[in-house]
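Okay, start-v1.txt is below, compact mmCIF, C-alpha atoms:
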```txt
# COMPACT_ATOMS: atom_id res chain seq x y z
CA MET F 1 10.36 -17.31 3.65
CA ALA F 2 11.92 -16.71 7.06
CA TRP F 3 13.40 -13.24 7.40
CA ASP F 4 16.06 -12.46 9.96
CA PHE F 5 17.33 -9.12 8.59
CA SER F 6 19.23 -10.95 5.87
CA THR F 7 18.25 -12.18 2.42
CA GLU F 8 19.15 -15.55 0.98
CA PRO F 9 21.99 -15.20 -1.59
CA GLU F 10 19.95 -16.57 -4.51
CA PHE F 11 17.17 -14.05 -4.02
CA GLN F 12 19.63 -11.22 -3.36
CA GLU F 13 21.08 -11.95 -6.78
CA GLN F 14 17.59 -11.47 -8.22
CA LEU F 15 17.21 -8.18 -6.35
CA ASP F 16 20.56 -6.98 -7.67
CA TRP F 17 19.49 -7.84 -11.22
CA VAL F 18 16.18 -6.00 -10.80
CA GLU F 19 17.93 -2.86 -9.54
CA GLN F 20 20.43 -2.88 -12.41
CA PHE F 21 17.78 -3.64 -15.02
CA CYS F 22 15.51 -0.83 -13.82
CA ARG F 23 18.36 1.67 -13.63
CA GLU F 24 20.11 0.82 -16.89
CA GLU F 25 17.21 -0.28 -19.11
CA ILE F 26 13.77 0.77 -17.90
CA GLU F 27 14.51 4.30 -16.68
CA PRO F 28 16.31 5.44 -19.88
CA PHE F 29 13.64 3.81 -22.04
CA ASP F 30 10.85 5.53 -20.10
CA LEU F 31 12.51 8.93 -20.34
CA VAL F 32 12.60 8.66 -24.13
CA PHE F 33 9.37 6.66 -24.65
CA PRO F 34 7.00 7.50 -21.76
CA ALA F 35 3.87 5.37 -21.31
CA ALA F 36 5.37 2.84 -23.73
CA VAL F 37 3.74 -0.18 -22.05
CA ARG F 38 0.30 1.02 -23.22
CA SER F 39 1.48 2.21 -26.65
CA LYS F 40 -0.20 0.72 -29.71
CA ASP F 41 2.70 1.62 -32.02
CA PRO F 42 4.14 -1.70 -33.31
CA LYS F 43 7.76 -0.56 -33.03
CA ILE F 44 7.31 0.61 -29.45
CA ARG F 45 5.38 -2.54 -28.58
CA ALA F 46 8.19 -4.69 -29.95
CA MET F 47 10.78 -2.90 -27.79
CA VAL F 48 8.54 -3.22 -24.72
CA LYS F 49 8.04 -6.94 -25.34
CA GLU F 50 11.80 -7.43 -25.68
CA LEU F 51 12.40 -5.84 -22.27
CA GLN F 52 9.51 -7.75 -20.71
CA GLN F 53 10.89 -11.01 -22.07
CA GLN F 54 14.06 -10.44 -20.04
CA VAL F 55 11.86 -10.13 -16.94
CA LYS F 56 10.01 -13.33 -17.82
CA ASP F 57 13.29 -15.17 -18.47
CA ARG F 58 14.28 -14.35 -14.88
CA GLY F 59 10.98 -15.72 -13.56
CA LEU F 60 9.90 -12.27 -12.36
CA TRP F 61 6.75 -11.69 -14.39
CA ALA F 62 3.43 -11.05 -12.57
CA LEU F 63 5.21 -11.12 -9.21
CA PHE F 64 2.03 -11.02 -7.12
CA LEU F 65 0.48 -14.23 -8.53
CA ASP F 66 1.00 -17.84 -7.51
CA GLU F 67 2.87 -20.22 -9.78
CA GLU F 68 -0.23 -22.00 -11.05
CA LEU F 69 -1.50 -18.66 -12.37
CA GLY F 70 1.68 -17.73 -14.16
CA GLY F 71 3.52 -15.83 -11.41
CA PRO F 72 6.57 -16.83 -9.37
CA GLY F 73 4.60 -17.41 -6.14
CA PHE F 74 7.08 -15.38 -4.10
CA GLY F 75 4.73 -14.40 -1.30
CA GLN F 76 4.41 -10.92 0.18
CA LEU F 77 7.81 -10.61 1.84
CA LYS F 78 9.84 -11.21 -1.31
CA LEU F 79 7.37 -9.08 -3.21
CA ALA F 80 7.98 -6.26 -0.72
CA LEU F 81 11.74 -6.43 -1.25
CA ILE F 82 11.32 -6.26 -5.03
CA ASN F 83 8.75 -3.46 -4.83
CA GLU F 84 11.26 -1.42 -2.83
CA ILE F 85 13.19 -1.27 -6.09
CA LEU F 86 10.34 -1.05 -8.62
CA GLY F 87 8.69 1.84 -6.79
CA ARG F 88 11.69 4.04 -7.52
CA TYR F 89 10.98 3.91 -11.25
CA PRO F 90 7.43 4.92 -12.30
CA ALA F 91 7.39 2.70 -15.39
CA ALA F 92 8.91 -0.39 -13.78
CA PRO F 93 5.70 -2.08 -12.52
CA GLY F 94 4.32 -2.17 -16.07
CA PHE F 95 7.45 -3.90 -17.34
CA PHE F 96 7.14 -6.52 -14.59
CA GLY F 97 3.41 -7.09 -15.09
CA THR F 98 2.58 -5.63 -11.69
CA ALA F 99 0.98 -2.27 -12.49
CA ALA F 100 -2.10 -1.04 -10.65
CA PRO F 101 -5.05 -1.14 -11.02
CA ASP F 102 -4.67 -4.33 -13.06
CA THR F 103 -2.91 -6.20 -10.26
CA GLY F 104 -5.84 -5.98 -7.86
CA ASN F 105 -8.32 -6.87 -10.58
CA MET F 106 -6.23 -9.86 -11.63
CA GLU F 107 -6.16 -11.04 -8.03
CA LEU F 108 -9.97 -10.90 -7.93
CA LEU F 109 -10.19 -12.96 -11.12
CA ALA F 110 -7.61 -15.40 -9.82
CA MET F 111 -9.50 -15.94 -6.56
CA TYR F 112 -13.14 -15.67 -7.60
CA GLY F 113 -13.26 -16.07 -11.37
CA THR F 114 -14.70 -19.10 -13.11
CA PRO F 115 -12.47 -20.96 -15.59
CA GLU F 116 -14.30 -19.17 -18.40
CA GLN F 117 -13.80 -15.76 -16.77
CA LYS F 118 -10.10 -16.42 -16.29
CA GLN F 119 -9.76 -17.43 -19.92
CA ARG F 120 -11.67 -14.37 -21.10
CA TRP F 121 -10.11 -11.70 -18.85
CA LEU F 122 -7.37 -12.89 -16.48
CA TYR F 123 -4.90 -14.27 -18.98
CA PRO F 124 -5.29 -11.36 -21.46
CA LEU F 125 -4.73 -8.96 -18.53
CA MET F 126 -1.59 -10.87 -17.55
CA ASP F 127 -0.31 -10.64 -21.13
CA GLN F 128 -1.26 -6.92 -21.29
CA GLU F 129 -3.50 -7.61 -24.26
CA ILE F 130 -6.26 -5.70 -22.44
CA TRP F 131 -6.35 -3.20 -19.55
CA SER F 132 -8.75 -2.75 -16.65
CA ALA F 133 -9.99 -0.24 -14.07
CA TYR F 134 -11.71 -0.52 -10.71
CA SER F 135 -14.96 1.44 -10.46
CA MET F 136 -15.89 1.68 -6.79
CA THR F 137 -16.18 5.12 -5.16
CA GLU F 138 -19.28 7.25 -5.69
CA PRO F 139 -19.87 11.04 -5.66
CA GLN F 140 -22.23 11.04 -2.68
CA GLY F 141 -20.55 8.37 -0.56
CA GLY F 142 -16.85 8.25 -1.33
CA SER F 143 -15.53 4.78 -0.49
CA ASP F 144 -18.20 3.91 2.12
CA PRO F 145 -20.03 0.92 0.60
CA ASN F 146 -22.98 1.48 2.93
CA LEU F 147 -23.72 4.69 1.02
CA PHE F 148 -23.39 3.25 -2.48
CA LYS F 149 -26.40 3.54 -4.80
CA THR F 150 -25.12 1.85 -7.96
CA ASN F 151 -27.20 -1.30 -8.39
CA ALA F 152 -27.62 -4.23 -10.74
CA VAL F 153 -31.00 -5.83 -11.40
CA ARG F 154 -31.43 -9.13 -13.16
CA ASP F 155 -33.59 -8.99 -16.28
CA GLY F 156 -33.88 -12.38 -17.95
CA GLU F 157 -30.42 -13.46 -19.09
CA GLU F 158 -28.85 -10.09 -18.35
CA TRP F 159 -27.88 -7.77 -15.53
CA VAL F 160 -28.91 -4.12 -15.85
CA ILE F 161 -26.59 -1.68 -14.06
CA ASN F 162 -27.51 1.87 -13.09
CA GLY F 163 -25.48 4.29 -11.02
CA GLU F 164 -22.64 6.78 -10.91
CA LYS F 165 -18.99 6.26 -10.04
CA TRP F 166 -16.35 8.85 -9.23
CA PHE F 167 -12.55 8.61 -9.48
CA THR F 168 -12.27 5.38 -11.47
CA SER F 169 -8.50 5.46 -11.97
CA ALA F 170 -7.39 4.72 -15.55
CA GLY F 171 -11.03 4.26 -16.53
CA ARG F 172 -10.67 6.03 -19.91
CA TYR F 173 -7.77 3.81 -20.86
CA ALA F 174 -9.30 0.51 -19.78
CA ASP F 175 -10.97 -2.20 -21.84
CA ILE F 176 -12.98 -3.61 -18.94
CA LEU F 177 -14.31 -2.03 -15.74
CA PHE F 178 -14.72 -3.87 -12.45
CA VAL F 179 -17.90 -2.25 -11.14
CA MET F 180 -18.87 -2.57 -7.48
CA THR F 181 -22.63 -2.44 -6.96
CA THR F 182 -25.05 -3.10 -4.13
CA SER F 183 -25.84 -6.40 -5.86
CA GLY F 184 -22.31 -7.71 -6.47
CA MET F 185 -19.10 -7.16 -8.43
CA PHE F 186 -19.41 -7.07 -12.21
CA VAL F 187 -17.02 -6.98 -15.17
CA VAL F 188 -18.30 -4.40 -17.64
CA PRO F 189 -16.79 -3.75 -21.09
CA LYS F 190 -15.93 -0.07 -21.35
CA ASP F 191 -17.64 0.19 -24.73
CA ALA F 192 -20.90 -1.35 -23.49
CA PRO F 193 -23.93 0.81 -24.39
CA GLY F 194 -24.83 3.08 -21.49
CA VAL F 195 -21.29 3.56 -20.11
CA GLU F 196 -20.91 7.35 -20.05
CA PHE F 197 -17.70 9.19 -19.24
CA VAL F 198 -18.69 12.52 -17.71
CA GLU F 199 -16.71 15.44 -19.10
CA GLY F 200 -15.14 18.00 -16.80
CA GLY F 201 -13.77 15.56 -14.23
CA PRO F 202 -10.14 14.52 -13.72
CA ARG F 203 -8.99 12.81 -16.90
CA SER F 204 -6.90 10.07 -15.30
CA HIS F 205 -9.54 9.31 -12.65
CA SER F 206 -12.79 9.06 -14.51
CA HIS F 207 -16.29 10.14 -13.53
CA ILE F 208 -18.58 7.47 -15.03
CA ARG F 209 -22.33 7.05 -15.26
CA TYR F 210 -23.85 3.63 -15.88
CA ASN F 211 -27.15 4.17 -17.66
CA ASP F 212 -29.12 0.93 -18.09
CA VAL F 213 -25.90 -0.93 -18.93
CA ARG F 214 -26.78 -4.48 -19.93
CA ILE F 215 -24.28 -7.30 -19.49
CA PRO F 216 -24.63 -11.11 -19.63
CA LEU F 217 -25.25 -13.05 -16.42
CA ASP F 218 -21.76 -14.56 -16.55
CA HIS F 219 -20.21 -11.12 -16.02
CA LEU F 220 -20.95 -11.36 -12.28
CA LEU F 221 -17.66 -11.99 -10.47
CA GLY F 222 -17.96 -14.07 -7.32
CA PRO F 223 -21.26 -14.53 -5.47
CA GLU F 224 -24.27 -12.30 -5.82
CA ASP F 225 -24.25 -9.63 -3.06
CA GLY F 226 -20.59 -10.48 -2.43
CA ALA F 227 -19.02 -7.21 -3.55
CA LYS F 228 -17.97 -6.07 -0.06
CA VAL F 229 -15.99 -9.26 0.54
CA LEU F 230 -14.29 -9.01 -2.84
CA ALA F 231 -13.53 -5.32 -2.33
CA GLN F 232 -11.86 -5.90 1.02
CA ARG F 233 -9.77 -8.72 -0.39
CA ARG F 234 -8.69 -6.55 -3.29
CA LEU F 235 -7.99 -3.39 -1.32
CA GLY F 236 -6.09 -5.17 1.46
CA GLY F 237 -3.49 -6.39 -1.01
CA GLY F 238 -3.46 -3.05 -2.81
CA ARG F 239 -2.73 -1.10 0.36
CA ILE F 240 0.30 -3.17 1.29
CA HIS F 241 1.61 -2.97 -2.28
CA HIS F 242 1.28 0.83 -2.24
CA ALA F 243 3.21 0.89 1.03
CA MET F 244 5.95 -1.29 -0.45
CA ARG F 245 6.43 1.03 -3.42
CA SER F 246 6.24 4.16 -1.28
CA ILE F 247 9.38 3.00 0.54
CA ALA F 248 11.21 3.24 -2.76
CA GLN F 249 9.92 6.78 -3.30
CA CYS F 250 11.00 7.77 0.21
CA LYS F 251 14.46 6.29 -0.37
CA LEU F 252 14.79 8.18 -3.65
CA ALA F 253 13.88 11.48 -1.96
CA PHE F 254 16.34 10.65 0.83
CA ASP F 255 19.18 9.89 -1.59
CA MET F 256 18.48 13.12 -3.45
CA MET F 257 18.43 15.02 -0.14
CA CYS F 258 21.81 13.64 0.94
CA GLU F 259 23.43 14.23 -2.43
CA ARG F 260 22.23 17.84 -2.51
CA ALA F 261 23.30 18.47 1.08
CA LEU F 262 26.84 17.42 0.21
CA SER F 263 26.91 19.42 -3.03
CA ARG F 264 25.71 22.90 -2.03
CA GLU F 265 27.24 25.62 0.12
CA ALA F 266 25.51 28.31 2.18
CA HIS F 267 26.78 30.72 4.83
CA GLY F 268 30.37 29.66 4.41
CA LYS F 269 30.06 25.87 4.54
CA VAL F 270 28.56 22.83 2.87
CA ILE F 271 24.89 22.73 3.87
CA ALA F 272 25.30 19.16 5.16
CA GLU F 273 27.22 20.76 8.04
CA HIS F 274 24.25 22.90 9.12
CA GLN F 275 22.43 21.34 12.05
CA MET F 276 18.92 21.91 10.66
CA VAL F 277 19.90 20.01 7.52
CA GLN F 278 21.41 17.26 9.65
CA GLU F 279 18.16 17.07 11.60
CA ALA F 280 16.19 16.63 8.36
CA ILE F 281 18.52 13.84 7.27
CA ALA F 282 18.47 12.09 10.65
CA ASP F 283 14.68 12.28 11.00
CA SER F 284 14.20 11.00 7.46
CA TYR F 285 16.59 8.11 8.04
CA ALA F 286 14.67 7.00 11.12
CA ASP F 287 11.23 7.52 9.54
CA ILE F 288 12.07 5.49 6.42
CA ASN F 289 13.55 2.58 8.32
CA MET F 290 10.65 2.43 10.79
CA LEU F 291 8.22 2.37 7.86
CA ARG F 292 10.27 -0.28 6.08
CA LEU F 293 10.31 -2.58 9.10
CA LEU F 294 6.56 -2.11 9.60
CA VAL F 295 5.89 -3.04 5.96
CA LEU F 296 8.23 -6.05 5.97
CA TRP F 297 6.79 -7.30 9.25
CA THR F 298 3.30 -6.97 7.77
CA ALA F 299 4.34 -8.84 4.62
CA TRP F 300 5.86 -11.59 6.77
CA THR F 301 2.63 -11.81 8.78
CA ILE F 302 0.56 -12.20 5.60
CA ASP F 303 2.86 -14.97 4.36
CA ASN F 304 2.57 -16.81 7.67
CA SER F 305 -1.16 -16.27 8.25
CA SER F 306 -3.45 -14.31 5.93
CA THR F 307 -4.40 -10.82 4.77
CA GLN F 308 -7.32 -10.93 7.20
CA GLN F 309 -5.04 -11.70 10.14
CA ALA F 310 -2.76 -8.82 9.17
CA ARG F 311 -5.54 -6.26 8.62
CA THR F 312 -4.48 -4.06 11.56
CA GLN F 313 -0.89 -3.96 10.34
CA ILE F 314 -1.99 -3.26 6.76
CA ALA F 315 -4.08 -0.32 7.93
CA ALA F 316 -1.11 1.04 9.90
CA CYS F 317 1.12 0.69 6.83
CA LYS F 318 -1.41 2.55 4.72
CA TYR F 319 -1.49 5.78 6.71
CA THR F 320 2.14 5.62 7.80
CA CYS F 321 3.51 5.41 4.26
CA ALA F 322 1.58 8.52 3.24
CA LYS F 323 2.89 10.46 6.24
CA VAL F 324 6.51 9.41 5.77
CA LEU F 325 6.42 10.18 2.04
CA LYS F 326 4.98 13.63 2.77
CA ASP F 327 7.55 14.41 5.47
CA VAL F 328 10.63 13.12 3.65
CA SER F 329 9.76 14.72 0.30
CA TYR F 330 8.99 18.02 2.08
CA ARG F 331 12.40 18.00 3.79
CA ALA F 332 14.11 17.17 0.51
CA ILE F 333 12.33 20.04 -1.26
CA HIS F 334 13.57 22.46 1.38
CA ILE F 335 17.14 21.25 1.02
CA TYR F 336 16.85 21.61 -2.77
CA GLY F 337 15.39 25.09 -2.50
CA SER F 338 13.66 26.56 -5.53
CA LEU F 339 14.69 23.66 -7.78
CA GLY F 340 12.74 21.30 -5.53
CA THR F 341 9.51 23.19 -6.18
CA THR F 342 9.70 22.65 -9.95
CA ASP F 343 8.90 19.61 -12.07
CA LEU F 344 12.55 19.32 -13.11
CA THR F 345 13.13 16.67 -10.42
CA PRO F 346 10.83 13.97 -8.99
CA LEU F 347 10.42 15.76 -5.64
CA GLN F 348 7.45 17.98 -6.46
CA ALA F 349 5.46 14.99 -7.79
CA MET F 350 6.31 12.97 -4.68
CA TRP F 351 5.13 15.70 -2.33
CA ALA F 352 2.00 16.36 -4.38
CA GLY F 353 1.30 12.63 -4.50
CA ALA F 354 1.40 12.15 -0.73
CA PRO F 355 -2.11 13.60 -0.14
CA THR F 356 -3.44 11.33 -2.89
CA MET F 357 -1.87 8.36 -1.17
CA SER F 358 -3.50 9.38 2.11
CA VAL F 359 -6.95 9.41 0.44
CA MET F 360 -6.90 6.51 -2.04
CA ASP F 361 -8.02 3.07 -0.90
CA GLY F 362 -9.80 4.72 2.05
CA VAL F 363 -8.77 7.91 3.83
CA ASP F 364 -6.10 7.67 6.52
CA GLU F 365 -8.55 8.64 9.26
CA VAL F 366 -10.67 5.56 8.58
CA HIS F 367 -7.63 3.31 8.81
CA LYS F 368 -6.54 4.93 12.06
CA VAL F 369 -9.99 4.17 13.48
CA THR F 370 -9.58 0.56 12.32
CA VAL F 371 -6.20 0.26 14.03
CA ALA F 372 -7.43 1.83 17.27
CA ARG F 373 -10.53 -0.37 17.43
CA ASN F 374 -8.61 -3.57 16.75
CA VAL F 375 -5.85 -2.69 19.21
CA LEU F 376 -8.34 -1.87 21.95
CA LYS F 377 -9.92 -5.32 21.58
CA ASP F 378 -6.80 -6.75 23.23
CA HIS F 379 -7.07 -4.46 26.25
CA ARG F 380 -9.43 -4.26 29.21
CA PRO F 381 -10.47 -1.42 31.56
CA HIS F 382 -8.94 -1.44 35.04
CA ALA F 383 -11.08 -2.30 38.03
CA GLY F 384 -11.90 0.45 40.49
CA LEU F 385 -10.65 4.01 40.57
CA TRP F 386 -6.92 3.55 40.06
CA PRO F 387 -5.06 2.24 36.99
CA THR F 388 -3.20 -1.07 37.03
CA GLU F 389 0.18 0.65 37.20
CA TYR F 390 -0.76 2.78 40.28
CA TYR F 391 2.33 2.34 42.47
CA PRO F 392 0.73 2.39 45.96
CA HIS F 393 -1.52 -0.55 45.08
CA LYS F 394 1.28 -2.43 43.35
CA ARG F 395 3.56 -2.03 46.37
CA GLU F 396 0.79 -3.17 48.71
CA ALA F 397 0.19 -6.30 46.60
CA ALA F 398 3.91 -6.97 46.32
CA ARG F 399 4.36 -6.69 50.09
CA LYS F 400 1.72 -9.40 50.67
CA LYS F 401 3.84 -11.76 48.61
CA PHE F 402 6.64 -11.48 51.18
CA GLU F 403 4.55 -11.68 54.38
CA ALA F 404 5.76 -15.19 55.26
CA LEU F 405 9.40 -14.12 54.77
CA PHE F 406 8.91 -11.04 56.97
CA ALA F 407 7.38 -13.24 59.71
CA GLU F 408 10.58 -15.25 59.75
CA ASP F 409 12.92 -12.25 59.47
CA PRO F 410 11.75 -9.09 61.33
CA GLU F 411 14.96 -7.29 60.41
CA LEU F 412 14.18 -7.72 56.73
CA GLU F 413 10.66 -6.41 57.40
CA ARG F 414 12.07 -3.29 59.10
CA TYR F 415 14.30 -2.73 56.07
CA ALA F 416 11.28 -2.97 53.76
CA ASP F 417 9.33 -0.59 56.03
CA GLY F 418 12.12 1.92 55.79
CA ILE F 419 12.13 1.74 52.00
CA ALA F 420 8.32 2.13 51.95
CA LYS F 421 8.54 5.19 54.19
CA TYR F 422 11.21 6.73 52.02
CA MET F 423 9.17 6.15 48.87
CA ALA F 424 6.04 7.61 50.46
CA ASN F 425 7.89 10.77 51.51
CA ARG F 426 9.52 11.13 48.10
CA ASN F 427 6.14 11.11 46.34
CA ARG F 428 4.75 14.01 48.41
```
Output the file's structure in the form of structure tokens.
Amino acid sequence: MAWDFSTEPEFQEQLDWVEQFCREEIEPFDLVFPAAVRSKDPKIRAMVKELQQQVKDRGLWALFLDEELGGPGFGQLKLALINEILGRYPAAPGFFGTAAPDTGNMELLAMYGTPEQKQRWLYPLMDQEIWSAYSMTEPQGGSDPNLFKTNAVRDGEEWVINGEKWFTSAGRYADILFVMTTSGMFVVPKDAPGVEFVEGGPRSHSHIRYNDVRIPLDHLLGPEDGAKVLAQRRLGGGRIHHAMRSIAQCKLAFDMMCERALSREAHGKVIAEHQMVQEAIADSYADINMLRLLVLWTAWTIDNSSTQQARTQIAACKYTCAKVLKDVSYRAIHIYGSLGTTDLTPLQAMWAGAPTMSVMDGVDEVHKVTVARNVLKDHRPHAGLWPTEYYPHKREAARKKFEALFAEDPELERYADGIAKYMANRNR
């Protein structure tokens, strides 16, 4: 899809439908029946399926997958434009079949799974018959795979996994765990003997020990010793998707900020007329739109090349979205005053979530190092003592270009000499 700051009418009609559907159907439903997508109650499940069928009828189910795998095959740019809407409503991704961490795990199965593995896990995940989690980071090494200790050893017709994982998001609520080891990536049933959920850790982000967990050989996903490649492929897509949805959160905070600024009075006038409030609004407007263009440009690059080619841009999106979300939500909280510090509006959760966003999928500092290193590969040191843009040397080189002209026109040379003298005196 070519993107020239406009959207084709047919797809804009889809975007308009998504916005209306999320606002009028999903948000009210979620406020009354939170976490309904994962509910086992048959009445709730029936209502969820009815809403999801409307999404499927529009061809918007499993947005991130290609057509042959049951998705619309939109590509990253169209996905970014839709995620700008979905990210505003916490429950929306689940109703569109695009909720993390299942999306990244489904992508791994789609790319690296055997036909049998797809039949066993991918299609049930797509239909939300089962749920998954991604078990990667470790207590002693964080997300640095070079420090991982969890290993898998082949024993006859089985793999035996031993190790410890920290912050496996949604691990307690999953049916299968994608476990990254020093020997490869494995799909482990949560109820397999030896899978131990350590008590005392964060409930939504599980601390798990794998104690002599035995799984069949066909539970290896991709090549043996290929976990790092699979992890990078998974996390690259996940980072850009997080950035897409964070734009929606930033826009929501911005809309709330503007509404409040126009609705409240202080010191004899509407607070929107106070210059510090105007500064907060102006800075937020610029920050959000710069982030949005960075994300859309990155999505366009992926569509026209690959995730690997866009890795520098993806890394920049990752740490920029966390910063912008933190700054915009902070400004909005200040304009809201005490109400903004409570859980009676979304603002407190947004601000509290910004540090999490800056840590998950690799801390921001690591991604900044990645960007700097990749950018510096396209630059070279200057020769000698002075930088390339050192004016005296540039003027000297430029003058040599006109030597033949000066030989023919001494008057023009005298004029140039006068300019050079003036510039030399001015720089003293």
Exercise for the section: Between F:Arg331, F:Lys49, F:Lys368, F:Arg233, single out the one closest to F:Phe254, counting only C-alpha atoms. Expected result: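 Ranking F:Arg331, F:Lys49, F:Lys368, F:Arg233 by distance to F:Phe254, first place goes to F:Arg331.
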Would you kindly return, as a PDB file with C-alpha atoms, in the coordinates of the input, each protein, DNA or RNA residue with an atom no farther than 12 Å from any atom of stretch 389-395 of chain F, considering all atoms listed in the file and excluding same-chain residues fewer than 4 positions away?
```pdb
ATOM      1  CA  HIS F 382      -8.940  -1.440  35.040  1.00  0.00           C
ATOM      2  CA  ALA F 383     -11.080  -2.300  38.030  1.00  0.00           C
ATOM      3  CA  GLY F 384     -11.900   0.450  40.490  1.00  0.00           C
ATOM      4  CA  LEU F 385     -10.650   4.010  40.570  1.00  0.00           C
ATOM      5  CA  ARG F 399       4.360  -6.690  50.090  1.00  0.00           C
ATOM      6  CA  LYS F 400       1.720  -9.400  50.670  1.00  0.00           C
ATOM      7  CA  LYS F 401       3.840 -11.760  48.610  1.00  0.00           C
ATOM      8  CA  PHE F 402       6.640 -11.480  51.180  1.00  0.00           C
ATOM      9  CA  ALA F 416      11.280  -2.970  53.760  1.00  0.00           C
ATOM     10  CA  ASP F 417       9.330  -0.590  56.030  1.00  0.00           C
ATOM     11  CA  ILE F 419      12.130   1.740  52.000  1.00  0.00           C
ATOM     12  CA  ALA F 420       8.320   2.130  51.950  1.00  0.00           C
ATOM     13  CA  LYS F 421       8.540   5.190  54.190  1.00  0.00           C
ATOM     14  CA  MET F 423       9.170   6.150  48.870  1.00  0.00           C
ATOM     15  CA  ALA F 424       6.040   7.610  50.460  1.00  0.00           C
ATOM     16  CA  ASN F 427       6.140  11.110  46.340  1.00  0.00           C
TER      17      ASN F 427
END
```
Problem - Using all atoms listed in the file: which of F:Leu60, F:Gly75, F:Lys43, F:Ser169 has the shortest distance to F:Ser305 - result: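 Among the listed residues, the smallest separation from F:Ser305 belongs to F:Gly75.
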Practice task
Could you give me, as a VMD selection string, the residues that have an atom at most 10 Å away from the point (-27.6, -2.8, -11.9) in the coordinates of the file, using only C-alpha atoms?
Solution key: chain F and resid 149 to 155 158 to 163 179 to 184 186 210 to 215
Practice task
Extract, using only C-alpha atoms, all DNA, RNA and protein residues at most 12 Å from F:Thr320, discarding same-chain residues fewer than 2 positions from it, and format them as number ranges by chain.
Solution key: F: 239-240, 242-244, 246-247, 250, 287-295, 313-318, 322-327, 354, 357-358, 363-365, 367-368, 371
How big is the axis-aligned box around the listed atoms of stretch 140-154 of chain F once 4 Å is added on each side, and where is its centre? Give both in Å to one decimal, as lines of an AutoDock Vina configuration file.
```
center_x = -23.5
center_y = 1.0
center_z = -5.1
size_x = 23.9
size_y = 28.2
size_z = 24.1
```
Problem - Top pick for closest residue to F:Lys190, considering F:Trp131, F:Tyr285, F:Trp17, F:Phe167 and counting all atoms listed in the file - result: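 Closest candidate: F:Trp131.
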Could you give me, as a tab-separated table, every stretch 221-291 of chain F residue with an atom at most 12 Å from stretch 63-73 of chain F, plus its closest atom pair and distance in Å to one decimal, counting all atoms listed in the file, rows ordered by chain then number?
```
residue	atom	partner	partner_atom	distance
F:Gly237	CA	F:Phe64	CA	9.4
F:Gly238	CA	F:Phe64	CA	10.6
F:Ile240	CA	F:Phe64	CA	11.6
F:His241	CA	F:Phe64	CA	9.4
```
Handout entry: d(atom CA of F:Ala261, atom CA of F:Thr345) in Å
Key =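 Atom-to-atom, atom CA of F:Ala261 to atom CA of F:Thr345, that is 15.5 Å.
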Problem - Coordinates-based distance that separates atom CA of F:Val375 from atom CA of F:Thr312 (Å, one decimal) - result: 7.9 Å
Practice task
Pick out the closest residue to F:Arg38 from this set: F:Asp16, F:Asp144, F:Asp175, F:Asp283. Count all atoms listed in the file.
Solution key: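 Nearest candidate to F:Arg38 out of F:Asp16, F:Asp144, F:Asp175, F:Asp283: F:Asp175.
Closest approach to F:Tyr330 among F:Met350, F:Asp343, F:Asn146, F:Glu199 is made by F:Met350 (distances from only C-alpha atoms).
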Missing atoms in stretch 96-105 of chain F should be modelled up to N, CA and C atoms and reported as a short mmCIF file (atom, residue, chain, number, x, y, z; two decimals), keeping the file's coordinate frame.
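Output contents, as saved in selection-v2.cif:
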```cif
data_model
loop_
_atom_site.label_atom_id
_atom_site.label_comp_id
_atom_site.auth_asym_id
_atom_site.auth_seq_id
_atom_site.Cartn_x
_atom_site.Cartn_y
_atom_site.Cartn_z
N PHE F 96 7.12 -5.28 -15.36
CA PHE F 96 7.14 -6.52 -14.59
C PHE F 96 5.75 -7.14 -14.45
N GLY F 97 4.77 -6.56 -15.15
CA GLY F 97 3.41 -7.09 -15.09
C GLY F 97 2.76 -6.92 -13.74
N THR F 98 3.12 -5.83 -13.04
CA THR F 98 2.58 -5.63 -11.69
C THR F 98 2.00 -4.23 -11.51
N ALA F 99 1.47 -3.65 -12.57
CA ALA F 99 0.98 -2.27 -12.49
C ALA F 99 -0.46 -2.23 -12.00
N ALA F 100 -0.72 -1.29 -11.08
CA ALA F 100 -2.10 -1.04 -10.65
C ALA F 100 -2.80 -0.22 -11.73
N PRO F 101 -4.14 -0.33 -11.84
CA PRO F 101 -5.05 -1.14 -11.02
C PRO F 101 -5.22 -2.57 -11.48
N ASP F 102 -4.48 -2.97 -12.53
CA ASP F 102 -4.67 -4.33 -13.06
C ASP F 102 -4.32 -5.42 -12.06
N THR F 103 -3.32 -5.16 -11.21
CA THR F 103 -2.91 -6.20 -10.26
C THR F 103 -4.06 -6.62 -9.35
N GLY F 104 -4.73 -5.64 -8.75
CA GLY F 104 -5.84 -5.98 -7.86
C GLY F 104 -6.97 -6.68 -8.59
N ASN F 105 -7.26 -6.24 -9.82
CA ASN F 105 -8.32 -6.87 -10.58
C ASN F 105 -7.95 -8.29 -10.99
#
```
